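Here's model-v2.pdb, which has PDB, C-alpha atoms:
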```pdb
ATOM      1  CA  MET C1091     163.309 144.027 -99.841
ATOM      2  CA  VAL C1092     163.190 140.487-101.216
ATOM      3  CA  GLU C1093     160.016 138.447-101.278
ATOM      4  CA  LYS C1094     159.357 136.178 -98.311
ATOM      5  CA  LYS C1095     156.835 133.385 -97.800
ATOM      6  CA  SER C1096     155.269 131.682 -94.859
ATOM      7  CA  PRO C1097     156.790 128.322 -93.955
ATOM      8  CA  ALA C1098     154.579 125.262 -93.541
ATOM      9  CA  SER C1099     152.250 125.287 -90.594
ATOM     10  CA  GLY C1100     153.967 124.025 -87.470
ATOM     11  CA  TRP C1101     157.459 124.551 -88.920
ATOM     12  CA  PRO C1102     159.873 122.950 -88.143
ATOM     13  CA  ILE C1103     157.882 119.865 -89.081
ATOM     14  CA  ALA C1104     160.555 117.280 -88.173
ATOM     15  CA  GLN C1105     161.649 117.247 -84.571
ATOM     16  CA  GLY C1106     165.289 116.872 -83.683
ATOM     17  CA  ASP C1107     168.353 118.270 -81.986
ATOM     18  CA  PHE C1108     168.151 121.848 -83.219
ATOM     19  CA  HIS C1109     167.095 125.380 -82.369
ATOM     20  CA  THR C1110     165.013 127.734 -84.455
ATOM     21  CA  GLY C1111     165.334 131.443 -85.062
ATOM     22  CA  ASP C1112     163.786 133.797 -87.580
ATOM     23  CA  ALA C1113     161.748 131.653 -90.009
ATOM     24  CA  GLN C1114     162.136 134.394 -92.643
ATOM     25  CA  SER C1115     165.919 134.001 -92.674
ATOM     26  CA  CYS C1116     167.600 132.522 -95.728
ATOM     27  CA  VAL C1117     170.274 130.609 -93.822
ATOM     28  CA  ALA C1118     170.145 127.253 -92.060
ATOM     29  CA  VAL C1119     173.206 126.100 -90.139
ATOM     30  CA  VAL C1120     174.206 122.466 -89.659
ATOM     31  CA  THR C1121     176.944 121.912 -87.082
ATOM     32  CA  MET C1122     177.337 118.202 -87.993
ATOM     33  CA  GLY C1123     179.157 116.404 -85.154
ATOM     34  CA  SER C1124     179.811 119.529 -83.085
ATOM     35  CA  HIS C1125     177.596 120.916 -80.371
ATOM     36  CA  LEU C1126     178.006 124.660 -80.617
ATOM     37  CA  ASP C1127     175.888 127.468 -79.264
ATOM     38  CA  GLU C1128     172.965 126.758 -81.611
ATOM     39  CA  GLN C1129     170.750 129.348 -79.957
ATOM     40  CA  GLY C1130     173.530 131.878 -80.411
ATOM     41  CA  ILE C1131     173.737 130.956 -84.085
ATOM     42  CA  CYS C1132     169.972 131.441 -84.430
ATOM     43  CA  ASP C1133     170.235 134.779 -82.647
ATOM     44  CA  ALA C1134     172.897 135.731 -85.197
ATOM     45  CA  GLY C1135     170.295 135.374 -87.948
ATOM     46  CA  ALA C1136     169.930 131.684 -88.855
ATOM     47  CA  ALA C1137     166.448 130.272 -89.403
ATOM     48  CA  ILE C1138     167.404 126.953 -87.869
ATOM     49  CA  ALA C1139     170.591 125.497 -86.436
ATOM     50  CA  GLY C1140     171.469 122.074 -85.151
ATOM     51  CA  SER C1141     173.725 119.075 -85.417
ATOM     52  CA  CYS C1142     173.477 116.157 -87.857
ATOM     53  CA  LYS C1143     175.029 112.950 -86.568
ATOM     54  CA  THR C1144     173.727 110.429 -89.080
ATOM     55  CA  GLU C1145     173.987 110.260 -92.850
ATOM     56  CA  ASN C1146     170.405 109.015 -93.291
ATOM     57  CA  LEU C1147     167.733 110.032 -90.784
ATOM     58  CA  GLY C1148     169.600 113.179 -89.730
ATOM     59  CA  ILE C1149     169.887 114.386 -93.328
ATOM     60  CA  GLU C1150     166.247 113.482 -94.012
ATOM     61  CA  LYS C1151     165.092 115.619 -91.083
ATOM     62  CA  ILE C1152     167.145 118.594 -92.236
ATOM     63  CA  ILE C1153     165.758 118.347 -95.756
ATOM     64  CA  ALA C1154     162.198 117.964 -94.443
ATOM     65  CA  ASN C1155     162.606 121.156 -92.440
ATOM     66  CA  VAL C1156     164.337 123.044 -95.239
ATOM     67  CA  ILE C1157     161.925 122.323 -98.084
ATOM     68  CA  SER C1158     158.987 123.119 -95.829
ATOM     69  CA  ASN C1159     160.383 126.631 -95.509
ATOM     70  CA  PRO C1160     160.931 128.295 -98.937
ATOM     71  CA  ASN C1161     162.741 131.206 -97.276
ATOM     72  CA  ILE C1162     165.787 129.043 -96.571
ATOM     73  CA  ARG C1163     168.154 129.310 -99.548
ATOM     74  CA  PHE C1164     171.539 128.528 -98.008
ATOM     75  CA  ILE C1165     172.733 125.713 -95.780
ATOM     76  CA  LEU C1166     175.940 126.467 -93.936
ATOM     77  CA  CYS C1167     177.785 123.225 -93.135
ATOM     78  CA  CYS C1168     180.216 123.692 -90.284
ATOM     79  CA  GLY C1169     181.540 121.836 -87.249
ATOM     80  CA  THR C1170     183.482 118.605 -87.168
ATOM     81  CA  GLU C1171     182.740 115.591 -89.314
ATOM     82  CA  VAL C1172     181.176 112.573 -87.585
ATOM     83  CA  LYS C1173     183.643 109.700 -87.690
ATOM     84  CA  GLY C1174     182.342 106.708 -89.617
ATOM     85  CA  HIS C1175     179.025 108.289 -90.554
ATOM     86  CA  LEU C1176     180.566 111.201 -92.489
ATOM     87  CA  SER C1177     177.237 112.999 -92.357
ATOM     88  CA  GLY C1178     178.775 116.232 -93.685
ATOM     89  CA  GLN C1179     180.320 114.610 -96.737
ATOM     90  CA  SER C1180     177.138 112.598 -97.344
ATOM     91  CA  PHE C1181     174.958 115.700 -97.052
ATOM     92  CA  ILE C1182     177.041 117.645 -99.566
ATOM     93  CA  ALA C1183     177.135 114.587-101.864
ATOM     94  CA  LEU C1184     173.334 114.358-101.695
ATOM     95  CA  HIS C1185     172.984 117.951-102.826
ATOM     96  CA  ALA C1186     175.522 117.452-105.614
ATOM     97  CA  GLY C1187     174.518 114.034-106.939
ATOM     98  CA  GLY C1188     171.146 113.152-105.477
ATOM     99  CA  VAL C1189     170.087 109.591-104.788
ATOM    100  CA  SER C1190     170.373 106.458-106.905
ATOM    101  CA  GLY C1191     168.603 103.267-105.836
ATOM    102  CA  GLY C1192     168.000 104.737-102.386
ATOM    103  CA  LYS C1193     171.723 105.419-101.833
ATOM    104  CA  ILE C1194     173.280 108.856-101.826
ATOM    105  CA  VAL C1195     175.487 109.143-104.906
ATOM    106  CA  GLY C1196     179.116 109.644-103.923
ATOM    107  CA  ALA C1197     178.505 109.371-100.174
ATOM    108  CA  GLN C1198     181.300 107.753 -98.187
ATOM    109  CA  GLY C1199     179.346 107.381 -94.927
ATOM    110  CA  ALA C1200     178.521 104.003 -93.440
ATOM    111  CA  ILE C1201     174.777 103.813 -94.183
ATOM    112  CA  PRO C1202     173.948 106.585 -96.667
ATOM    113  CA  PHE C1203     170.455 105.395 -97.544
ATOM    114  CA  ILE C1204     167.504 107.738 -97.922
ATOM    115  CA  GLU C1205     164.154 106.105 -97.221
ATOM    116  CA  ASN C1206     161.703 108.876 -96.442
ATOM    117  CA  LEU C1207     162.334 111.350 -99.234
ATOM    118  CA  THR C1208     160.894 111.166-102.720
ATOM    119  CA  ASP C1209     162.803 112.159-105.842
ATOM    120  CA  ASP C1210     160.660 115.302-106.000
ATOM    121  CA  ALA C1211     161.677 116.262-102.472
ATOM    122  CA  ILE C1212     165.365 115.753-103.256
ATOM    123  CA  LYS C1213     165.031 117.711-106.526
ATOM    124  CA  ARG C1214     163.292 120.506-104.641
ATOM    125  CA  PHE C1215     166.090 120.508-102.068
ATOM    126  CA  GLN C1216     168.733 120.722-104.796
ATOM    127  CA  ASP C1217     166.900 123.552-106.552
ATOM    128  CA  GLN C1218     166.063 125.531-103.446
ATOM    129  CA  ILE C1219     169.345 125.293-101.603
ATOM    130  CA  GLU C1220     172.894 126.404-102.176
ATOM    131  CA  MET C1221     175.357 124.557 -99.966
ATOM    132  CA  VAL C1222     178.086 126.536 -98.240
ATOM    133  CA  ASN C1223     180.883 124.400 -96.921
ATOM    134  CA  ILE C1224     183.033 125.585 -94.026
ATOM    135  CA  MET C1225     183.363 122.138 -92.472
ATOM    136  CA  GLU C1226     185.778 121.693 -89.563
ATOM    137  CA  SER C1227     185.170 125.293 -88.524
ATOM    138  CA  GLU C1228     183.766 125.653 -84.996
ATOM    139  CA  ASP C1229     184.623 129.297 -84.531
ATOM    140  CA  MET C1230     181.457 131.225 -83.707
ATOM    141  CA  GLY C1231     182.917 134.432 -85.142
ATOM    142  CA  THR C1232     183.538 132.771 -88.502
ATOM    143  CA  ILE C1233     180.079 131.167 -88.532
ATOM    144  CA  LYS C1234     178.313 134.423 -87.648
ATOM    145  CA  ALA C1235     180.309 136.324 -90.267
ATOM    146  CA  LYS C1236     179.324 133.741 -92.891
ATOM    147  CA  ILE C1237     175.656 133.981 -91.873
ATOM    148  CA  ASN C1238     175.763 137.765 -92.322
ATOM    149  CA  GLU C1239     177.499 137.358 -95.686
ATOM    150  CA  LEU C1240     174.827 134.932 -96.884
ATOM    151  CA  LYS C1241     171.995 137.064 -95.593
ATOM    152  CA  ALA C1242     173.382 139.935 -97.660
ATOM    153  CA  LYS C1243     173.089 137.705-100.750
ATOM    154  CA  ASP C1244     169.502 136.606 -99.950
ATOM    155  CA  PRO C1245     167.786 135.872-103.291
ATOM    156  CA  GLY C1246     164.325 135.808-101.654
ATOM    157  CA  ALA C1247     161.974 132.933-101.058
ATOM    158  CA  PHE C1248     162.049 129.959-103.416
ATOM    159  CA  PRO C1249     159.185 130.399-105.942
ATOM    160  CA  ALA C1250     157.154 127.414-104.771
ATOM    161  CA  GLU C1251     154.927 126.516-101.903
ATOM    162  CA  PRO C1252     156.381 124.717 -98.851
ATOM    163  CA  MET C1253     156.799 121.013 -99.496
ATOM    164  CA  ILE C1254     155.858 118.750 -96.621
ATOM    165  CA  VAL C1255     157.409 115.313 -96.220
ATOM    166  CA  GLU C1256     156.978 112.923 -93.342
ATOM    167  CA  VAL C1257     160.106 111.453 -91.812
ATOM    168  CA  LYS C1258     159.358 108.131 -90.161
ATOM    169  CA  GLU C1259     161.714 106.989 -87.451
ATOM    170  CA  ALA C1260     160.377 103.436 -87.102
ATOM    171  CA  GLY C1261     161.859 100.254 -88.618
ATOM    172  CA  GLY C1262     165.232 100.683 -90.245
ATOM    173  CA  ALA C1263     165.622 104.136 -88.793
ATOM    174  CA  ALA C1264     165.739 102.638 -85.316
ATOM    175  CA  GLU C1265     168.697 100.592 -86.387
ATOM    176  CA  VAL C1266     170.361 103.681 -87.773
ATOM    177  CA  ALA C1267     169.645 105.559 -84.579
ATOM    178  CA  ALA C1268     171.222 102.721 -82.608
ATOM    179  CA  ALA C1269     174.294 102.945 -84.809
ATOM    180  CA  GLY C1270     174.315 106.690 -84.424
ATOM    181  CA  ALA C1271     174.101 106.524 -80.661
ATOM    182  CA  ASN C1272     177.811 105.894 -80.390
ATOM    183  CA  PRO C1273     180.137 107.231 -83.095
ATOM    184  CA  GLN C1274     182.767 104.675 -82.043
ATOM    185  CA  PHE C1275     180.390 101.837 -82.893
ATOM    186  CA  LEU C1276     181.436 101.748 -86.554
ATOM    187  CA  GLU C1277     185.117 101.719 -85.693
ATOM    188  CA  ILE C1278     184.567  98.723 -83.413
ATOM    189  CA  GLU C1279     182.492  97.085 -86.142
ATOM    190  CA  GLU C1280     185.303  97.613 -88.651
ATOM    191  CA  ARG C1281     187.800  95.965 -86.308
ATOM    192  CA  LEU C1282     185.455  93.045 -85.713
ATOM    193  CA  ASN C1283     185.077  92.671 -89.468
ATOM    194  CA  ALA C1284     188.870  92.603 -89.837
ATOM    195  CA  ILE C1285     189.097  89.895 -87.157
ATOM    196  CA  GLU C1286     186.310  87.945 -88.858
ATOM    197  CA  GLU C1287     188.151  88.095 -92.194
ATOM    198  CA  ARG C1288     191.329  86.737 -90.620
ATOM    199  CA  ILE C1289     189.400  83.925 -88.935
ATOM    200  CA  GLU C1290     187.804  83.059 -92.275
ATOM    201  CA  PHE C1291     191.266  82.997 -93.887
ATOM    202  CA  VAL C1292     192.661  80.699 -91.187
ATOM    203  CA  ASP C1293     189.564  78.525 -91.443
ATOM    204  CA  ALA C1294     190.097  78.120 -95.198
ATOM    205  CA  GLU C1295     193.809  77.339 -94.673
ATOM    206  CA  ILE C1296     192.902  74.633 -92.143
ATOM    207  CA  ALA C1297     190.382  73.202 -94.614
ATOM    208  CA  GLN C1298     193.117  73.063 -97.265
ATOM    209  CA  ARG C1299     195.514  71.265 -94.925
ATOM    210  CA  VAL C1300     192.829  68.755 -93.978
ATOM    211  CA  GLY C1301     192.176  68.315 -97.705
ATOM    212  CA  ARG C1302     195.865  67.570 -98.341
ATOM    213  CA  LYS C1303     195.930  64.935 -95.624
ATOM    214  CA  VAL C1304     192.714  63.340 -96.844
ATOM    215  CA  GLY C1305     193.963  63.433-100.452
ATOM    216  CA  ARG C1306     197.277  61.843 -99.511
ATOM    217  CA  ASP C1307     195.583  59.076 -97.505
ATOM    218  CA  ILE C1308     193.042  58.314-100.220
ATOM    219  CA  GLY C1309     195.862  58.347-102.815
ATOM    220  CA  ILE C1310     197.879  55.837-100.793
ATOM    221  CA  LEU C1311     194.836  53.599-100.492
ATOM    222  CA  TYR C1312     194.189  53.770-104.233
ATOM    223  CA  GLY C1313     197.880  53.107-104.938
ATOM    224  CA  LEU C1314     197.910  50.027-102.699
ATOM    225  CA  VAL C1315     194.761  48.669-104.299
ATOM    226  CA  ALA C1316     196.052  49.385-107.817
ATOM    227  CA  GLY C1317     199.396  47.722-107.027
ATOM    228  CA  LEU C1318     197.689  44.648-105.577
ATOM    229  CA  ILE C1319     195.448  44.333-108.626
ATOM    230  CA  VAL C1320     198.453  44.576-110.966
ATOM    231  CA  PHE C1321     200.313  41.982-108.895
ATOM    232  CA  MET C1322     197.342  39.608-108.874
ATOM    233  CA  MET C1323     196.912  39.979-112.632
ATOM    234  CA  LEU C1324     200.594  39.249-113.189
ATOM    235  CA  LEU C1325     200.377  36.252-110.869
ATOM    236  CA  VAL C1326     197.469  34.818-112.809
ATOM    237  CA  LEU C1327     198.374  35.892-116.318
ATOM    238  CA  LEU C1328     202.183  35.428-116.320
ATOM    239  CA  PRO C1329     202.199  31.546-116.191
ATOM    240  CA  LYS C1330     199.612  31.466-118.935
ATOM    241  CA  LEU C1331     201.611  33.874-121.060
ATOM    242  CA  VAL C1332     204.820  31.895-120.499
ATOM    243  CA  GLY C1333     202.964  28.682-121.394
ATOM    244  CA  TYR C1334     201.545  30.285-124.499
ATOM    245  CA  LEU C1335     204.925  31.528-125.685
TER     246      LEU C1335
ATOM    247  CA  MET H 607     167.938  97.790 -93.997
ATOM    248  CA  THR H 608     167.112  94.653 -92.052
ATOM    249  CA  SER H 609     166.370  92.708 -95.223
ATOM    250  CA  ILE H 610     169.597  93.957 -96.830
ATOM    251  CA  ASN H 611     171.570  92.901 -93.758
ATOM    252  CA  ARG H 612     169.956  89.449 -93.823
ATOM    253  CA  MET H 613     170.792  89.114 -97.508
ATOM    254  CA  MET H 614     174.378  90.188 -96.831
ATOM    255  CA  ASP H 615     174.684  87.606 -94.048
ATOM    256  CA  ALA H 616     173.329  84.870 -96.341
ATOM    257  CA  ILE H 617     175.749  85.839 -99.125
ATOM    258  CA  ARG H 618     178.661  85.923 -96.684
ATOM    259  CA  TYR H 619     177.731  82.492 -95.318
ATOM    260  CA  LYS H 620     177.510  80.996 -98.817
ATOM    261  CA  ALA H 621     180.836  82.569 -99.776
ATOM    262  CA  GLN H 622     182.466  81.059 -96.682
ATOM    263  CA  ILE H 623     181.123  77.592 -97.476
ATOM    264  CA  LEU H 624     182.234  77.919-101.102
ATOM    265  CA  ALA H 625     185.734  79.045-100.120
ATOM    266  CA  ARG H 626     186.101  76.235 -97.602
ATOM    267  CA  THR H 627     184.879  73.570-100.030
ATOM    268  CA  THR H 628     187.155  74.834-102.778
ATOM    269  CA  LYS H 629     190.166  74.830-100.467
ATOM    270  CA  LEU H 630     189.345  71.302 -99.290
ATOM    271  CA  GLU H 631     188.997  70.041-102.853
ATOM    272  CA  SER H 632     192.192  71.735-103.979
ATOM    273  CA  GLY H 633     194.013  70.077-101.086
ATOM    274  CA  ILE H 634     192.643  66.649-102.015
ATOM    275  CA  MET H 635     193.479  67.099-105.689
ATOM    276  CA  GLY H 636     196.966  68.395-104.920
ATOM    277  CA  MET H 637     198.023  65.518-102.719
ATOM    278  CA  GLY H 638     195.964  62.693-104.323
ATOM    279  CA  LEU H 639     198.462  61.893-107.084
ATOM    280  CA  LEU H 640     201.404  61.930-104.716
ATOM    281  CA  GLY H 641     199.526  59.608-102.345
ATOM    282  CA  PHE H 642     198.746  57.260-105.218
ATOM    283  CA  ALA H 643     202.427  57.090-106.191
ATOM    284  CA  VAL H 644     203.426  56.426-102.592
ATOM    285  CA  GLY H 645     200.809  53.678-102.284
ATOM    286  CA  LEU H 646     201.940  52.052-105.521
ATOM    287  CA  GLY H 647     205.573  52.241-104.429
ATOM    288  CA  VAL H 648     204.797  50.687-101.062
ATOM    289  CA  ILE H 649     202.937  47.754-102.592
ATOM    290  CA  MET H 650     205.732  47.173-105.118
ATOM    291  CA  LEU H 651     208.264  47.119-102.327
ATOM    292  CA  CYS H 652     206.056  44.784-100.309
ATOM    293  CA  ILE H 653     205.861  42.393-103.272
ATOM    294  CA  LEU H 654     209.256  42.723-104.947
ATOM    295  CA  ILE H 655     211.496  42.622-101.871
ATOM    296  CA  PRO H 656     210.158  39.215-100.631
ATOM    297  CA  ALA H 657     210.267  37.919-104.219
ATOM    298  CA  LEU H 658     213.910  38.976-104.559
ATOM    299  CA  ILE H 659     214.829  37.453-101.196
ATOM    300  CA  LEU H 660     213.161  34.160-102.099
ATOM    301  CA  GLY H 661     214.885  34.157-105.493
ATOM    302  CA  ALA H 662     211.713  34.108-107.439
ATOM    303  CA  ILE H 663     212.958  36.848-109.749
TER     304      ILE H 663
END
```

Write the structure described by the file as structure tokens, please.
Amino acid sequence: MVEKKSPASGWPIAQGDFHTGDAQSCVAVVTMGSHLDEQGICDAGAAIAGSCKTENLGIEKIIANVISNPNIRFILCCGTEVKGHLSGQSFIALHAGGVSGGKIVGAQGAIPFIENLTDDAIKRFQDQIEMVNIMESEDMGTIKAKINELKAKDPGAFPAEPMIVEVKEAGGAAEVAAAGANPQFLEIEERLNAIEERIEFVDAEIAQRVGRKVGRDIGILYGLVAGLIVFMMLLVLLPKLVGYL
Amino acid sequence: MTSINRMMDAIRYKAQILARTTKLESGIMGMGLLGFAVGLGVIMLCILIPALILGAI
């Protein structure tokens, strides 16, 4: 029997869209954009199971709940990827590369910025957890089989006390939550950006055409003035030159 | 995030102004010389044609 520890008091410490099972289990399941039978997954032996829609606050909440329970050693990523946010890819990238300047290294999601986790918390997450990737799988049979397989490989509790981090949802997180409310939001935003770019291009082209007209008109004016000056000089100087010669 | 978005908006606005100004200037510079030549030609015609008709040259 492997060694087990008690999770932090009040675990899970971050509230969200998930269900909890046996806190002594070594497996946590993240269904990403899919809503599966999370309670069924927990009944199958997972410590915690839920979705993760956003590549910032959602990931922060998962990590907060995972590192506050040293018994969790595997995270099973399954379900469909969230369009635009790419929370699954960002989550796996976070485990692989960590965070640099607040941004998840290698994340391709829209807003992959981590604000509530310290470097120690991320390091702890990387050390404690082994990621298991069966993304795009929604089959309950496959997920349950994987949970059983991972439970058979349980290395025991992570040799450290539960780490508690506070995940604040105020400020920038509200903006993220607003973006996460509708997965189609980013697609619409991308299209608006494309339209904006074209408008900017047309605007610059119009400015260039206006510039050509202005340049031509100013050039004509300068040419007329220069020609008149030359003519006046010839008119004044030519008789004198003829007289001199 | 809000501050980053504001900064991004400011940078985008400056870039738009810069692009527009550059395009305007390039248009002026491109057509200025041609306009000057046209203006000079017009004034020469305005002066030389009457002079030729009057037999001054």

Surrounding residues of segment 1287-1299 of chain C excluding itself and chain neighbours under 5 positions, 12 Å, all atoms listed in the file, as a PyMOL selection string: (chain C and resi 1280-1282+1304-1306) or (chain H and resi 618-619+621-637)

Between atom CA of Asp1244 of chain C and atom CA of Gln1114 of chain C - distance in Å to one decimal: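 Result for atom CA of Gln1114 of chain C versus atom CA of Asp1244 of chain C: 10.6 Å, one decimal.
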
Distance of atom CA of Cys1168 of chain C from atom CA of Ser1227 of chain C, expressed in Å to one decimal place: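 Pair atom CA of Ser1227 of chain C / atom CA of Cys1168 of chain C returns 5.5 Å.
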
Explicit residues for the PyMOL selection byres ((chain C) within 12 of (chain H)) (as JSON, numbers by chain): {"C": [1146, 1192, 1193, 1201, 1202, 1203, 1204, 1205, 1260, 1261, 1262, 1263, 1264, 1265, 1266, 1283, 1286, 1287, 1289, 1290, 1291, 1292, 1293, 1294, 1295, 1296, 1297, 1298, 1299, 1300, 1301, 1302, 1303, 1304, 1305, 1306, 1307, 1308, 1309, 1310, 1311, 1312, 1313, 1314, 1315, 1316, 1317, 1318, 1319, 1320, 1321, 1322, 1324, 1325]}

Considering all atoms listed in the file, return as a CSV table (one decimal) with C-alpha atoms, in the frame of the given file whatever protein or nucleic-acid residues lie within 8 Å of segment 1179-1187 of chain C, sequence-local ones (same chain, fewer than 4 positions apart) excluded.
```csv
chain,number,residue,atom,x,y,z
C,1145,GLU,CA,174.0,110.3,-92.8
C,1149,ILE,CA,169.9,114.4,-93.3
C,1171,GLU,CA,182.7,115.6,-89.3
C,1194,ILE,CA,173.3,108.9,-101.8
C,1195,VAL,CA,175.5,109.1,-104.9
C,1196,GLY,CA,179.1,109.6,-103.9
C,1197,ALA,CA,178.5,109.4,-100.2
C,1198,GLN,CA,181.3,107.8,-98.2
C,1199,GLY,CA,179.3,107.4,-94.9
C,1202,PRO,CA,173.9,106.6,-96.7
C,1212,ILE,CA,165.4,115.8,-103.3
C,1215,PHE,CA,166.1,120.5,-102.1
C,1216,GLN,CA,168.7,120.7,-104.8
C,1221,MET,CA,175.4,124.6,-100.0
```

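Of the residues under consideration (C:Lys1236, C:His1175, C:Lys1330, C:Lys1151), C:Lys1151 shows the shortest atom-to-atom contact distance to Ile1254 of chain C when counting all atoms listed in the file.
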
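The spacing separating atom CA of Trp1101 of chain C from atom CA of Ala1134 of chain C amounts to 19.4 Å.
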
Residue IDs satisfying the PyMOL selection byres ((chain C and resi 1135) around 7), as a list in words: Gly1111, Asp1112, Ser1115, Ile1131, Cys1132, Asp1133, Ala1134, Ala1136, Ala1137 and Ile1237 of chain C

Edge lengths and centre, in Å to one decimal, as AutoDock Vina command-line options: that's what I need for the box along x, y and z that holds all listed atoms of segment 629-636 of chain H plus 6 Å on each side.
```
--center_x 193.0 --center_y 70.7 --center_z -102.5 --size_x 20.0 --size_y 20.2 --size_z 18.4
```

Residues within 12 Å of Ile1153 of chain C, all atoms listed in the file, excluding chain neighbours under 2 positions, as a ChimeraX atom specification: /C:1102-1105,1118,1120,1138,1142,1145-1151,1155-1160,1162-1165,1181-1182,1184-1185,1204,1206-1208,1210-1216,1218-1219,1252-1257

Any chance you could model N, CA and C atoms for segment 1304-1318 of chain C and send them as a tab-separated table (two decimals), in the coordinates of the input?
```
chain	number	residue	atom	x	y	z
C	1304	VAL	N	193.73	64.28	-96.34
C	1304	VAL	CA	192.71	63.34	-96.84
C	1304	VAL	C	193.11	62.86	-98.24
C	1305	GLY	N	193.55	63.78	-99.08
C	1305	GLY	CA	193.96	63.43	-100.45
C	1305	GLY	C	195.13	62.47	-100.46
C	1306	ARG	N	196.11	62.74	-99.60
C	1306	ARG	CA	197.28	61.84	-99.51
C	1306	ARG	C	196.85	60.45	-99.07
C	1307	ASP	N	196.02	60.37	-98.04
C	1307	ASP	CA	195.58	59.08	-97.50
C	1307	ASP	C	194.76	58.29	-98.54
C	1308	ILE	N	193.86	58.98	-99.19
C	1308	ILE	CA	193.04	58.31	-100.22
C	1308	ILE	C	193.93	57.85	-101.37
C	1309	GLY	N	194.92	58.70	-101.74
C	1309	GLY	CA	195.86	58.35	-102.82
C	1309	GLY	C	196.65	57.09	-102.47
C	1310	ILE	N	197.13	57.03	-101.23
C	1310	ILE	CA	197.88	55.84	-100.79
C	1310	ILE	C	197.00	54.59	-100.89
C	1311	LEU	N	195.78	54.73	-100.44
C	1311	LEU	CA	194.84	53.60	-100.49
C	1311	LEU	C	194.61	53.14	-101.94
C	1312	TYR	N	194.39	54.09	-102.81
C	1312	TYR	CA	194.19	53.77	-104.23
C	1312	TYR	C	195.44	53.12	-104.82
C	1313	GLY	N	196.61	53.65	-104.44
C	1313	GLY	CA	197.88	53.11	-104.94
C	1313	GLY	C	198.07	51.67	-104.49
C	1314	LEU	N	197.79	51.40	-103.22
C	1314	LEU	CA	197.91	50.03	-102.70
C	1314	LEU	C	196.98	49.08	-103.45
C	1315	VAL	N	195.75	49.50	-103.60
C	1315	VAL	CA	194.76	48.67	-104.30
C	1315	VAL	C	195.19	48.43	-105.75
C	1316	ALA	N	195.63	49.52	-106.41
C	1316	ALA	CA	196.05	49.38	-107.82
C	1316	ALA	C	197.25	48.44	-107.93
C	1317	GLY	N	198.21	48.59	-107.01
C	1317	GLY	CA	199.40	47.72	-107.03
C	1317	GLY	C	199.03	46.27	-106.80
C	1318	LEU	N	198.14	46.02	-105.86
C	1318	LEU	CA	197.69	44.65	-105.58
C	1318	LEU	C	197.00	44.04	-106.79
```
